[in-house]
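Shown next: entry.txt, given as compact mmCIF, C-alpha atoms.
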```
# COMPACT_ATOMS: atom_id res chain seq x y z
CA MET A 868 38.89 5.33 41.25
CA PRO A 869 35.40 4.13 42.39
CA PRO A 870 35.23 1.20 44.86
CA PRO A 871 34.58 -2.24 43.27
CA SER A 872 30.93 -2.38 44.45
CA ASP A 873 30.18 0.98 42.77
CA GLU A 874 31.86 -0.26 39.63
CA ARG A 875 29.76 -3.42 39.66
CA SER A 876 26.50 -1.55 40.16
CA GLU A 877 27.43 0.84 37.34
CA LYS A 878 28.05 -2.13 35.04
CA GLN A 879 24.73 -3.68 36.07
CA ALA A 880 22.90 -0.42 35.39
CA ALA A 881 24.52 -0.17 31.95
CA ALA A 882 23.57 -3.78 31.17
CA GLN A 883 19.96 -3.11 32.25
CA GLN A 884 19.88 -0.04 30.03
CA ALA A 885 21.14 -2.09 27.06
CA VAL A 886 18.41 -4.70 27.65
CA ASP A 887 15.80 -1.91 27.85
CA ILE A 888 16.93 -0.53 24.49
CA LEU A 889 17.00 -4.00 22.89
CA HIS A 890 13.51 -4.64 24.24
CA GLU A 891 12.28 -1.39 22.70
CA ILE A 892 13.82 -2.42 19.35
CA SER A 893 12.11 -5.81 19.61
CA THR A 894 8.80 -4.04 20.26
CA ILE A 895 9.28 -1.71 17.27
CA LEU A 896 9.95 -4.81 15.11
CA ASN A 897 6.90 -6.58 16.61
CA CYS A 898 8.75 -9.64 17.92
CA HIS A 899 6.17 -10.50 20.63
CA LEU A 900 8.92 -10.73 23.26
CA ASP A 901 8.48 -9.60 26.85
CA ARG A 902 11.46 -8.25 28.75
CA ARG A 903 12.01 -11.41 30.79
CA THR A 904 12.04 -13.68 27.74
CA LEU A 905 14.41 -11.32 25.94
CA SER A 906 16.76 -11.27 28.97
CA ILE A 907 16.85 -15.07 29.04
CA CYS A 908 17.55 -15.17 25.29
CA ILE A 909 20.37 -12.62 25.66
CA SER A 910 21.94 -14.80 28.38
CA MET A 911 21.67 -17.82 26.08
CA ILE A 912 23.35 -15.95 23.21
CA GLU A 913 26.09 -14.80 25.59
CA ASN A 914 26.56 -18.51 26.40
CA GLY A 915 27.22 -19.27 22.76
CA VAL A 916 23.76 -20.22 21.48
CA ASN A 917 23.23 -19.50 17.78
CA PRO A 918 20.65 -16.69 17.39
CA GLU A 919 18.86 -18.24 14.40
CA ALA A 920 18.59 -21.63 16.14
CA LEU A 921 17.28 -19.83 19.24
CA ALA A 922 14.65 -17.93 17.21
CA THR A 923 13.51 -21.26 15.69
CA VAL A 924 13.22 -22.80 19.17
CA VAL A 925 11.22 -19.80 20.44
CA LYS A 926 8.77 -20.15 17.51
CA GLU A 927 8.38 -23.89 18.21
CA LEU A 928 7.81 -23.24 21.92
CA ARG A 929 5.16 -20.62 21.13
CA SER A 930 3.37 -23.16 18.98
CA LYS A 931 3.59 -25.82 21.74
CA GLY A 932 2.38 -23.29 24.33
CA GLN A 933 -0.58 -22.47 22.11
CA GLN A 934 -1.41 -26.19 21.71
CA HIS A 935 -1.22 -26.60 25.48
CA LEU A 936 -3.63 -23.68 25.99
CA GLU A 937 -6.08 -25.15 23.47
CA GLN A 938 -5.94 -28.56 25.19
CA ALA A 939 -6.43 -26.96 28.60
CA GLU A 940 -9.38 -24.83 27.46
CA PRO A 941 -10.80 -26.37 24.27
CA VAL A 942 -12.61 -23.85 22.11
CA PRO A 943 -16.00 -25.30 21.04
CA ALA A 944 -16.24 -25.88 17.30
CA PRO A 945 -19.11 -23.93 15.66
CA ALA A 946 -21.00 -27.17 14.78
CA ALA A 947 -20.67 -28.54 18.31
CA ALA A 948 -21.80 -25.23 19.74
CA ALA A 949 -24.80 -25.21 17.39
CA ARG A 950 -25.76 -28.78 18.41
CA ARG A 951 -25.76 -27.75 22.05
CA ARG A 952 -28.20 -24.92 21.39
CA MET B 326 29.44 -30.33 31.52
CA ALA B 327 28.98 -26.95 33.21
CA TYR B 328 28.05 -25.49 29.83
CA LEU B 329 25.34 -28.13 29.32
CA ALA B 330 23.96 -27.55 32.83
CA GLU B 331 23.84 -23.78 32.22
CA LEU B 332 22.21 -24.24 28.81
CA GLY B 333 19.66 -26.68 30.28
CA ALA B 334 18.79 -24.27 33.10
CA LEU B 335 18.38 -21.29 30.75
CA THR B 336 16.32 -23.40 28.35
CA GLY B 337 14.05 -24.39 31.25
CA GLU B 338 13.55 -20.71 32.10
CA LEU B 339 12.82 -19.94 28.45
CA ILE B 340 10.19 -22.70 28.26
CA ALA B 341 8.52 -21.39 31.43
CA ALA B 342 8.49 -17.84 30.04
CA VAL B 343 7.22 -18.73 26.55
CA THR B 344 4.78 -21.61 27.10
CA ALA B 345 3.34 -20.89 30.58
CA ILE B 346 2.98 -24.67 31.12
CA PRO B 347 2.54 -25.27 34.87
CA GLU B 348 5.40 -26.75 36.92
CA ASP B 349 3.32 -29.84 37.82
CA GLN B 350 3.55 -31.06 34.19
CA ARG B 351 7.17 -32.04 34.77
CA ALA B 352 7.32 -34.83 32.14
CA ARG B 353 6.11 -32.53 29.39
CA LEU B 354 8.44 -29.70 30.45
CA ASP B 355 11.42 -32.08 30.57
CA ALA B 356 10.60 -33.41 27.09
CA TYR B 357 10.36 -29.88 25.69
CA ARG B 358 13.64 -28.94 27.35
CA GLU B 359 15.51 -31.94 25.96
CA SER B 360 14.14 -31.30 22.48
CA ALA B 361 15.02 -27.58 22.65
CA VAL B 362 18.57 -28.23 23.93
CA ARG B 363 19.09 -30.74 21.10
CA SER B 364 17.90 -28.16 18.53
CA LEU B 365 20.18 -25.49 20.02
CA ARG B 366 23.25 -27.75 19.98
CA HIS B 367 22.78 -29.45 16.62
CA HIS B 368 21.72 -26.98 13.92
CA LYS B 369 22.75 -25.96 10.43
CA PHE B 370 22.71 -22.19 10.85
CA GLY B 371 25.80 -20.15 10.08
CA GLN B 372 27.43 -17.44 12.15
CA THR B 373 25.92 -13.97 12.34
CA ASN B 374 27.15 -11.52 9.73
CA GLN B 375 27.26 -8.11 11.37
CA PHE B 376 27.03 -6.29 8.02
CA ASP B 377 23.97 -8.29 7.03
CA VAL B 378 22.33 -7.40 10.35
CA ASP B 379 23.10 -3.69 9.80
CA ASP B 380 21.68 -3.90 6.25
CA ARG B 381 18.48 -5.54 7.44
CA LEU B 382 17.95 -2.93 10.14
CA ARG B 383 18.60 -0.08 7.68
CA GLY B 384 16.22 -1.83 5.27
CA TYR B 385 13.46 -1.81 7.89
CA GLU B 386 14.05 1.89 8.59
CA GLU B 387 13.81 2.74 4.87
CA HIS B 388 10.75 0.53 4.45
CA PHE B 389 8.97 2.27 7.35
CA ARG B 390 9.59 5.65 5.66
CA VAL B 391 8.37 4.35 2.29
CA VAL B 392 5.08 3.15 3.82
CA ASN B 393 4.60 6.42 5.76
CA ARG B 394 5.56 5.02 9.15
CA GLU B 395 7.95 7.91 9.81
CA ALA B 396 7.46 7.77 13.59
CA LEU B 397 8.36 4.07 13.60
CA ALA B 398 11.46 4.74 11.45
CA ASP B 399 12.52 7.56 13.79
CA ALA B 400 11.94 5.39 16.87
CA LEU B 401 14.07 2.59 15.41
CA SER B 402 16.83 4.99 14.37
CA LYS B 403 16.84 6.61 17.83
CA ARG B 404 17.08 3.22 19.64
CA LEU B 405 19.88 2.00 17.36
CA GLY B 406 21.77 5.22 18.11
CA ALA B 407 21.20 4.77 21.85
CA LEU B 408 22.49 1.19 21.62
CA LYS B 409 25.86 2.24 20.17
CA PRO B 410 27.53 3.09 23.53
CA HIS B 411 26.43 -0.35 24.82
CA HIS B 412 27.73 -2.25 21.79
CA ASN B 413 29.65 -5.40 22.73
CA GLN B 414 30.67 -8.64 21.01
CA TRP B 415 27.15 -10.08 21.39
CA THR B 416 25.15 -7.11 20.12
CA PRO B 417 25.05 -8.19 16.43
CA GLU B 418 23.88 -11.68 17.45
CA VAL B 419 21.15 -10.34 19.73
CA LEU B 420 19.97 -8.02 16.94
CA HIS B 421 20.08 -11.00 14.54
CA PHE B 422 17.84 -12.94 16.94
CA ILE B 423 15.41 -9.99 17.14
CA LEU B 424 15.33 -9.71 13.34
CA GLU B 425 14.49 -13.42 13.03
CA LEU B 426 11.43 -12.97 15.26
CA SER B 427 10.25 -9.76 13.61
CA ASP B 428 6.60 -10.05 12.51
CA GLN B 429 5.40 -7.60 9.84
CA PRO B 430 6.29 -4.50 11.86
CA ALA B 431 5.30 -2.01 9.14
CA GLN B 432 1.73 -3.34 9.28
CA LYS B 433 1.38 -4.38 12.90
CA SER B 434 3.72 -2.37 15.16
CA ARG B 435 2.16 0.28 17.35
CA LEU B 436 4.35 2.89 19.01
CA SER B 437 1.97 3.01 21.98
CA ASP B 438 3.28 -0.49 22.92
```
Entire entry expressed as structure tokens:
Amino acid sequence: MPPPSDERSEKQAAAQQAVDILHEISTILNCHLDRRTLSICISMIENGVNPEALATVVKELRSKGQQHLEQAEPVPAPAAAARRR
Amino acid sequence: MAYLAELGALTGELIAAVTAIPEDQRARLDAYRESAVRSLRHHKFGQTNQFDVDDRLRGYEEHFRVVNREALADALSKRLGALKPHHNQWTPEVLHFILELSDQPAQKSRLSD
């Protein structure tokens, strides 16, 4: 029987492998998820979060993140850009 | 209480990962976290149906073959096979989550990614 620390590291390696495979599936299905975000989402699901509610929250956060980027670096509108010329 | 603290902490990490809003905008981050936790706790979605998830994944594989994305279909089939030894009670729910975020893979997915 392997010592407990070996057993733990084997379990960790198996969990990492599972996350790698799930990340590859998410890439094949074009989910726009990086590995870190997917790992956080898996932890949330393992804590009882509903997957559909979580997907809705991720979509809302992406939209808020995009708005934040646009506010931080406003893209000049074509008319405003033309006036400046 | 411990559950709420854990959910709040994970939601904070998720917001940091998805939005890239800097830490100094604490008020905005806190507001987003509260709103997200509320949405995660109070929703109308049902439980994951494992058979529905399997059907949707098989449907994607068939669709990829129909639109001549054989390599994509093979890649998906191979990963689903590799996932079987790691299957646990959460696997159908994680796959459900992935399916909900899927964005026109037949048109947009590139195997080089």
Mind dumping a table of every chain B residue within 8 Å of chain A, with the nearest atom pair and its distance in Å to one decimal, using only C-alpha atoms, sorted by chain and rising number, as a tab-separated table?
```
residue	atom	partner	partner_atom	distance
B:Tyr328	CA	A:Asn914	CA	7.9
B:Leu332	CA	A:Met911	CA	7.0
B:Leu335	CA	A:Ile907	CA	6.6
B:Glu338	CA	A:Ile907	CA	7.2
B:Leu339	CA	A:Thr904	CA	6.3
B:Ile340	CA	A:Leu928	CA	6.8
B:Ala342	CA	A:Thr904	CA	5.9
B:Val343	CA	A:Arg929	CA	6.1
B:Thr344	CA	A:Gly932	CA	4.0
B:Ala345	CA	A:Gly932	CA	6.8
B:Ile346	CA	A:Gly932	CA	7.0
B:Ala361	CA	A:Val924	CA	6.2
B:Ser364	CA	A:Ala920	CA	7.0
B:Leu365	CA	A:Ala920	CA	5.7
B:Arg366	CA	A:Val916	CA	7.7
B:His368	CA	A:Ala920	CA	6.6
B:Phe370	CA	A:Glu919	CA	6.6
B:Gln372	CA	A:Asn917	CA	7.3
B:Thr373	CA	A:Pro918	CA	7.8
B:Leu397	CA	A:Ile895	CA	6.9
B:Ala400	CA	A:Ile895	CA	7.6
B:Leu401	CA	A:Ile892	CA	6.4
B:Arg404	CA	A:Ile888	CA	6.1
B:Leu405	CA	A:Ile892	CA	7.8
B:Ala407	CA	A:Ile888	CA	7.3
B:Leu408	CA	A:Ile888	CA	6.5
B:His411	CA	A:Ala885	CA	6.0
B:Trp415	CA	A:Glu913	CA	6.4
B:Glu418	CA	A:Pro918	CA	6.0
B:Val419	CA	A:Ile909	CA	6.4
B:Leu420	CA	A:Leu889	CA	7.8
B:His421	CA	A:Pro918	CA	6.4
B:Phe422	CA	A:Pro918	CA	4.7
B:Ile423	CA	A:Ser893	CA	5.9
B:Leu424	CA	A:Leu896	CA	7.5
B:Glu425	CA	A:Ala922	CA	6.2
B:Leu426	CA	A:Cys898	CA	5.0
B:Ser427	CA	A:Cys898	CA	4.6
B:Asp428	CA	A:Asn897	CA	5.4
B:Gln429	CA	A:Asn897	CA	7.0
B:Pro430	CA	A:Leu896	CA	4.9
B:Lys433	CA	A:Asn897	CA	7.0
B:Ser434	CA	A:Asn897	CA	5.5
B:Arg435	CA	A:Ile895	CA	7.4
B:Leu436	CA	A:Ile895	CA	7.0
B:Asp438	CA	A:Thr894	CA	7.1
```
Next, write the just-selected residues to a file, as a PDB file, in the frame of the given file, keeping C-alpha atoms as the atom set.
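Contents of again06.pdb, as written:
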```pdb
ATOM      1  CA  TYR B 328      28.050 -25.490  29.830  1.00  0.00           C
ATOM      2  CA  LEU B 332      22.210 -24.240  28.810  1.00  0.00           C
ATOM      3  CA  LEU B 335      18.380 -21.290  30.750  1.00  0.00           C
ATOM      4  CA  GLU B 338      13.550 -20.710  32.100  1.00  0.00           C
ATOM      5  CA  LEU B 339      12.820 -19.940  28.450  1.00  0.00           C
ATOM      6  CA  ILE B 340      10.190 -22.700  28.260  1.00  0.00           C
ATOM      7  CA  ALA B 342       8.490 -17.840  30.040  1.00  0.00           C
ATOM      8  CA  VAL B 343       7.220 -18.730  26.550  1.00  0.00           C
ATOM      9  CA  THR B 344       4.780 -21.610  27.100  1.00  0.00           C
ATOM     10  CA  ALA B 345       3.340 -20.890  30.580  1.00  0.00           C
ATOM     11  CA  ILE B 346       2.980 -24.670  31.120  1.00  0.00           C
ATOM     12  CA  ALA B 361      15.020 -27.580  22.650  1.00  0.00           C
ATOM     13  CA  SER B 364      17.900 -28.160  18.530  1.00  0.00           C
ATOM     14  CA  LEU B 365      20.180 -25.490  20.020  1.00  0.00           C
ATOM     15  CA  ARG B 366      23.250 -27.750  19.980  1.00  0.00           C
ATOM     16  CA  HIS B 368      21.720 -26.980  13.920  1.00  0.00           C
ATOM     17  CA  PHE B 370      22.710 -22.190  10.850  1.00  0.00           C
ATOM     18  CA  GLN B 372      27.430 -17.440  12.150  1.00  0.00           C
ATOM     19  CA  THR B 373      25.920 -13.970  12.340  1.00  0.00           C
ATOM     20  CA  LEU B 397       8.360   4.070  13.600  1.00  0.00           C
ATOM     21  CA  ALA B 400      11.940   5.390  16.870  1.00  0.00           C
ATOM     22  CA  LEU B 401      14.070   2.590  15.410  1.00  0.00           C
ATOM     23  CA  ARG B 404      17.080   3.220  19.640  1.00  0.00           C
ATOM     24  CA  LEU B 405      19.880   2.000  17.360  1.00  0.00           C
ATOM     25  CA  ALA B 407      21.200   4.770  21.850  1.00  0.00           C
ATOM     26  CA  LEU B 408      22.490   1.190  21.620  1.00  0.00           C
ATOM     27  CA  HIS B 411      26.430  -0.350  24.820  1.00  0.00           C
ATOM     28  CA  TRP B 415      27.150 -10.080  21.390  1.00  0.00           C
ATOM     29  CA  GLU B 418      23.880 -11.680  17.450  1.00  0.00           C
ATOM     30  CA  VAL B 419      21.150 -10.340  19.730  1.00  0.00           C
ATOM     31  CA  LEU B 420      19.970  -8.020  16.940  1.00  0.00           C
ATOM     32  CA  HIS B 421      20.080 -11.000  14.540  1.00  0.00           C
ATOM     33  CA  PHE B 422      17.840 -12.940  16.940  1.00  0.00           C
ATOM     34  CA  ILE B 423      15.410  -9.990  17.140  1.00  0.00           C
ATOM     35  CA  LEU B 424      15.330  -9.710  13.340  1.00  0.00           C
ATOM     36  CA  GLU B 425      14.490 -13.420  13.030  1.00  0.00           C
ATOM     37  CA  LEU B 426      11.430 -12.970  15.260  1.00  0.00           C
ATOM     38  CA  SER B 427      10.250  -9.760  13.610  1.00  0.00           C
ATOM     39  CA  ASP B 428       6.600 -10.050  12.510  1.00  0.00           C
ATOM     40  CA  GLN B 429       5.400  -7.600   9.840  1.00  0.00           C
ATOM     41  CA  PRO B 430       6.290  -4.500  11.860  1.00  0.00           C
ATOM     42  CA  LYS B 433       1.380  -4.380  12.900  1.00  0.00           C
ATOM     43  CA  SER B 434       3.720  -2.370  15.160  1.00  0.00           C
ATOM     44  CA  ARG B 435       2.160   0.280  17.350  1.00  0.00           C
ATOM     45  CA  LEU B 436       4.350   2.890  19.010  1.00  0.00           C
ATOM     46  CA  ASP B 438       3.280  -0.490  22.920  1.00  0.00           C
TER      47      ASP B 438
END
```
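The space separating atom CA of Arg394 of chain B from atom CA of Pro410 of chain B comes to 26.3 Å.
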Report, in Å with one decimal, the straight-line distance from atom CA of Gly384 of chain B to atom CA of Asp399 of chain B.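 Distance between the two atoms: 13.2 Å.
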What does the distance from atom CA of Gln432 of chain B to atom CA of Glu387 of chain B come to in Å, to one decimal?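 About the pair atom CA of Gln432 of chain B and atom CA of Glu387 of chain B: they are 14.2 Å apart.
In terms of minimum interatomic distance to Phe389 of chain B, B:Ser402 ranks closest within B:Gln414, B:Lys409, B:Ser402, B:Asp349, counting all atoms listed in the file.
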Write out as JSON an axis-aligned box for segment 336-349 of chain B: all of its atoms listed in the file, 5 Å added on each side, centre and edge lengths in Å with one decimal.
```
{"center_x": 9.4, "center_y": -23.8, "center_z": 32.2, "size_x": 23.8, "size_y": 22.0, "size_z": 21.3}
```
